[in-house]
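Heads up, the thing below is written out as structure tokens.
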Amino acid sequence: MSELNELYQQLILEHNKSPRNFKKIEHASHYAEGFNPLCGDHYEVWLTLDGDRIADIGFQGSGCAISKSSASMMTTSVKGSTVAEAERLFEKFHQVVTGKWSVDENIEELGCLGALTGVAEFPSRIKCATLAWHALHDALKNSHAAVSTEVLTKKGENINGQ
Ligand code: ZN
């Protein structure tokens, strides 16, 4: 298990250093912005749909290593898949990182996203790991509004106690 953790850590650092699909898409059909004020993560997500398939996806912005590598892995995981597949993967990823579903039972389907499931033990980082996914979800609804994890925070626990 420690070997796997080491591999996962390297994967996170690598995606953080060289994020995939780190680009703005001109004339994107869908767009959304995501903020995580608790950590200062801020990303924009663009995508182009071809029918119900995600033909292209890109993101830009800045934030911690978890949020950036998660955004990078999100783009590689959903590029080429259908909207329904992307939403199902988000649901799976979300349930695992929030500790509702077991990692072991879902690890195969999660692929490289498994690298981020360790955040389940660190509630303040869950928002970092899911931010880009919330933005994707929002973009797919074609709303051009910004999403903020503040909304999630109000429903959940007050992490920094302020
Ligand atoms: Zn963060």
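Naming scheme: A, B, ... for chains in displayed order of the structure tokens; residues 1 onward per chain; ligands 1 onward as shown.
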Each residue of chain A lying at most 9 Å from ligand 1 should get a row with its shortest atom-to-atom pair and the distance in Å to one decimal, counting only C-alpha atoms and all ligand atoms; could you produce that, ordered by chain and increasing number, as a Markdown table?
| residue | atom | partner | partner_atom_place_in_ligand_line | distance |
| --- | --- | --- | --- | --- |
| A:Asn36 | CA | ligand 1 | 1 (Zn) | 7.0 |
| A:Pro37 | CA | ligand 1 | 1 (Zn) | 8.8 |
| A:Leu38 | CA | ligand 1 | 1 (Zn) | 7.6 |
| A:Cys39 | CA | ligand 1 | 1 (Zn) | 4.6 |
| A:Gly40 | CA | ligand 1 | 1 (Zn) | 6.5 |
| A:Asp41 | CA | ligand 1 | 1 (Zn) | 5.2 |
| A:His42 | CA | ligand 1 | 1 (Zn) | 8.8 |
| A:Gly63 | CA | ligand 1 | 1 (Zn) | 5.7 |
| A:Cys64 | CA | ligand 1 | 1 (Zn) | 4.4 |
| A:Ala65 | CA | ligand 1 | 1 (Zn) | 7.0 |
| A:Ile66 | CA | ligand 1 | 1 (Zn) | 6.0 |
| A:Ser67 | CA | ligand 1 | 1 (Zn) | 5.1 |
| A:Lys68 | CA | ligand 1 | 1 (Zn) | 8.0 |
| A:Ser124 | CA | ligand 1 | 1 (Zn) | 8.4 |
| A:Arg125 | CA | ligand 1 | 1 (Zn) | 6.2 |
| A:Ile126 | CA | ligand 1 | 1 (Zn) | 8.5 |
| A:Lys127 | CA | ligand 1 | 1 (Zn) | 7.0 |
| A:Cys128 | CA | ligand 1 | 1 (Zn) | 4.0 |
| A:Ala129 | CA | ligand 1 | 1 (Zn) | 7.3 |
| A:Leu131 | CA | ligand 1 | 1 (Zn) | 8.5 |
message = Using DSSP assignments from the backbone, pull out every residue in range 2-102 of chain A that falls under strand (DSSP E) and give it to me as JSON, numbers by chain.
response = {"A": [30, 31, 32, 33, 34, 35, 36, 41, 42, 43, 44, 45, 46, 47, 48, 49, 50, 53, 54, 55, 56, 57, 58, 59, 60, 61, 62]}
Would you save the residues from that selection as a JSON list (two decimals), in the first residue's frame, using N, CA and C atoms?
[["chain", "number", "residue", "atom", "x", "y", "z"],
["A", 30, "HIS", "N", -19.35, 25.31, -23.98],
["A", 30, "HIS", "CA", -19.71, 25.34, -22.56],
["A", 30, "HIS", "C", -18.55, 25.91, -21.75],
["A", 31, "TYR", "N", -18.90, 26.62, -20.69],
["A", 31, "TYR", "CA", -17.88, 27.27, -19.87],
["A", 31, "TYR", "C", -18.37, 27.41, -18.44],
["A", 32, "ALA", "N", -17.48, 27.27, -17.48],
["A", 32, "ALA", "CA", -17.81, 27.59, -16.09],
["A", 32, "ALA", "C", -16.54, 27.93, -15.34],
["A", 33, "GLU", "N", -16.74, 28.60, -14.22],
["A", 33, "GLU", "CA", -15.64, 29.05, -13.39],
["A", 33, "GLU", "C", -15.84, 28.44, -12.01],
["A", 34, "GLY", "N", -14.76, 28.08, -11.36],
["A", 34, "GLY", "CA", -14.89, 27.52, -10.01],
["A", 34, "GLY", "C", -13.94, 28.17, -9.02],
["A", 35, "PHE", "N", -14.45, 28.47, -7.84],
["A", 35, "PHE", "CA", -13.63, 29.07, -6.77],
["A", 35, "PHE", "C", -13.65, 28.18, -5.54],
["A", 36, "ASN", "N", -12.54, 28.11, -4.86],
["A", 36, "ASN", "CA", -12.51, 27.51, -3.54],
["A", 36, "ASN", "C", -11.85, 28.52, -2.62],
["A", 41, "ASP", "N", -8.11, 28.39, -4.49],
["A", 41, "ASP", "CA", -8.09, 27.75, -5.81],
["A", 41, "ASP", "C", -9.11, 28.44, -6.73],
["A", 42, "HIS", "N", -8.70, 28.68, -7.96],
["A", 42, "HIS", "CA", -9.58, 29.35, -8.91],
["A", 42, "HIS", "C", -9.30, 28.83, -10.31],
["A", 43, "TYR", "N", -10.30, 28.23, -10.94],
["A", 43, "TYR", "CA", -10.11, 27.67, -12.28],
["A", 43, "TYR", "C", -11.27, 28.02, -13.19],
["A", 44, "GLU", "N", -10.95, 28.02, -14.49],
["A", 44, "GLU", "CA", -11.97, 28.16, -15.51],
["A", 44, "GLU", "C", -11.93, 26.90, -16.36],
["A", 45, "VAL", "N", -13.09, 26.42, -16.75],
["A", 45, "VAL", "CA", -13.18, 25.20, -17.55],
["A", 45, "VAL", "C", -13.97, 25.50, -18.82],
["A", 46, "TRP", "N", -13.40, 25.10, -19.94],
["A", 46, "TRP", "CA", -14.06, 25.26, -21.24],
["A", 46, "TRP", "C", -14.26, 23.88, -21.84],
["A", 47, "LEU", "N", -15.37, 23.68, -22.53],
["A", 47, "LEU", "CA", -15.49, 22.44, -23.28],
["A", 47, "LEU", "C", -16.35, 22.60, -24.51],
["A", 48, "THR", "N", -16.11, 21.69, -25.43],
["A", 48, "THR", "CA", -16.85, 21.67, -26.69],
["A", 48, "THR", "C", -17.53, 20.32, -26.81],
["A", 49, "LEU", "N", -18.83, 20.34, -26.99],
["A", 49, "LEU", "CA", -19.57, 19.10, -27.15],
["A", 49, "LEU", "C", -19.78, 18.81, -28.63],
["A", 50, "ASP", "N", -19.65, 17.52, -28.96],
["A", 50, "ASP", "CA", -19.99, 17.04, -30.29],
["A", 50, "ASP", "C", -21.14, 16.07, -30.07],
["A", 53, "ARG", "N", -21.08, 14.05, -26.77],
["A", 53, "ARG", "CA", -19.73, 13.64, -26.44],
["A", 53, "ARG", "C", -18.84, 14.87, -26.19],
["A", 54, "ILE", "N", -17.97, 14.75, -25.18],
["A", 54, "ILE", "CA", -17.06, 15.84, -24.88],
["A", 54, "ILE", "C", -15.87, 15.76, -25.85],
["A", 55, "ALA", "N", -15.93, 16.58, -26.90],
["A", 55, "ALA", "CA", -14.92, 16.50, -27.95],
["A", 55, "ALA", "C", -13.61, 17.13, -27.49],
["A", 56, "ASP", "N", -13.72, 18.22, -26.74],
["A", 56, "ASP", "CA", -12.51, 18.88, -26.26],
["A", 56, "ASP", "C", -12.80, 19.55, -24.93],
["A", 57, "ILE", "N", -11.77, 19.61, -24.10],
["A", 57, "ILE", "CA", -11.92, 20.23, -22.79],
["A", 57, "ILE", "C", -10.60, 20.87, -22.40],
["A", 58, "GLY", "N", -10.68, 22.02, -21.77],
["A", 58, "GLY", "CA", -9.47, 22.68, -21.32],
["A", 58, "GLY", "C", -9.75, 23.44, -20.03],
["A", 59, "PHE", "N", -8.69, 23.71, -19.30],
["A", 59, "PHE", "CA", -8.87, 24.50, -18.08],
["A", 59, "PHE", "C", -7.67, 25.41, -17.89],
["A", 60, "GLN", "N", -7.89, 26.49, -17.16],
["A", 60, "GLN", "CA", -6.80, 27.37, -16.77],
["A", 60, "GLN", "C", -7.09, 27.92, -15.40],
["A", 61, "GLY", "N", -6.07, 28.38, -14.74],
["A", 61, "GLY", "CA", -6.24, 28.95, -13.42],
["A", 61, "GLY", "C", -5.10, 28.56, -12.52],
["A", 62, "SER", "N", -5.29, 28.81, -11.23],
["A", 62, "SER", "CA", -4.21, 28.49, -10.30],
["A", 62, "SER", "C", -4.79, 28.05, -8.96]]
request  = Go through range 40-152 of chain A and collect every residue that DSSP, computed from the backbone, puts in helix (DSSP H, G or I); the answer should be as an NGL selection string.
outcome  = :A and (65-78 or 83-97 or 103-121 or 123-140 or 150-152)
task = Show which residues sit within 12 Å of Thr130 in chain A, as a ChimeraX atom specification. Count only C-alpha atoms, and ignore same-chain residues fewer than 3 positions away.
result = /A:34-36,41,43,66-74,89-98,113,116-117,119-120,123-127,133-137,147-149,152
request  = Give me the residues within 8 Å of range 4-10 of chain A as an NGL selection string, counting only C-alpha atoms and dropping any in the same chain fewer than 3 places off.
outcome  = :A and (1 or 13-14 or 114-116)
ask   = CA of Lys141 in chain A and CA of Gly51 in chain A are how many Å apart?
value = 14.2 Å
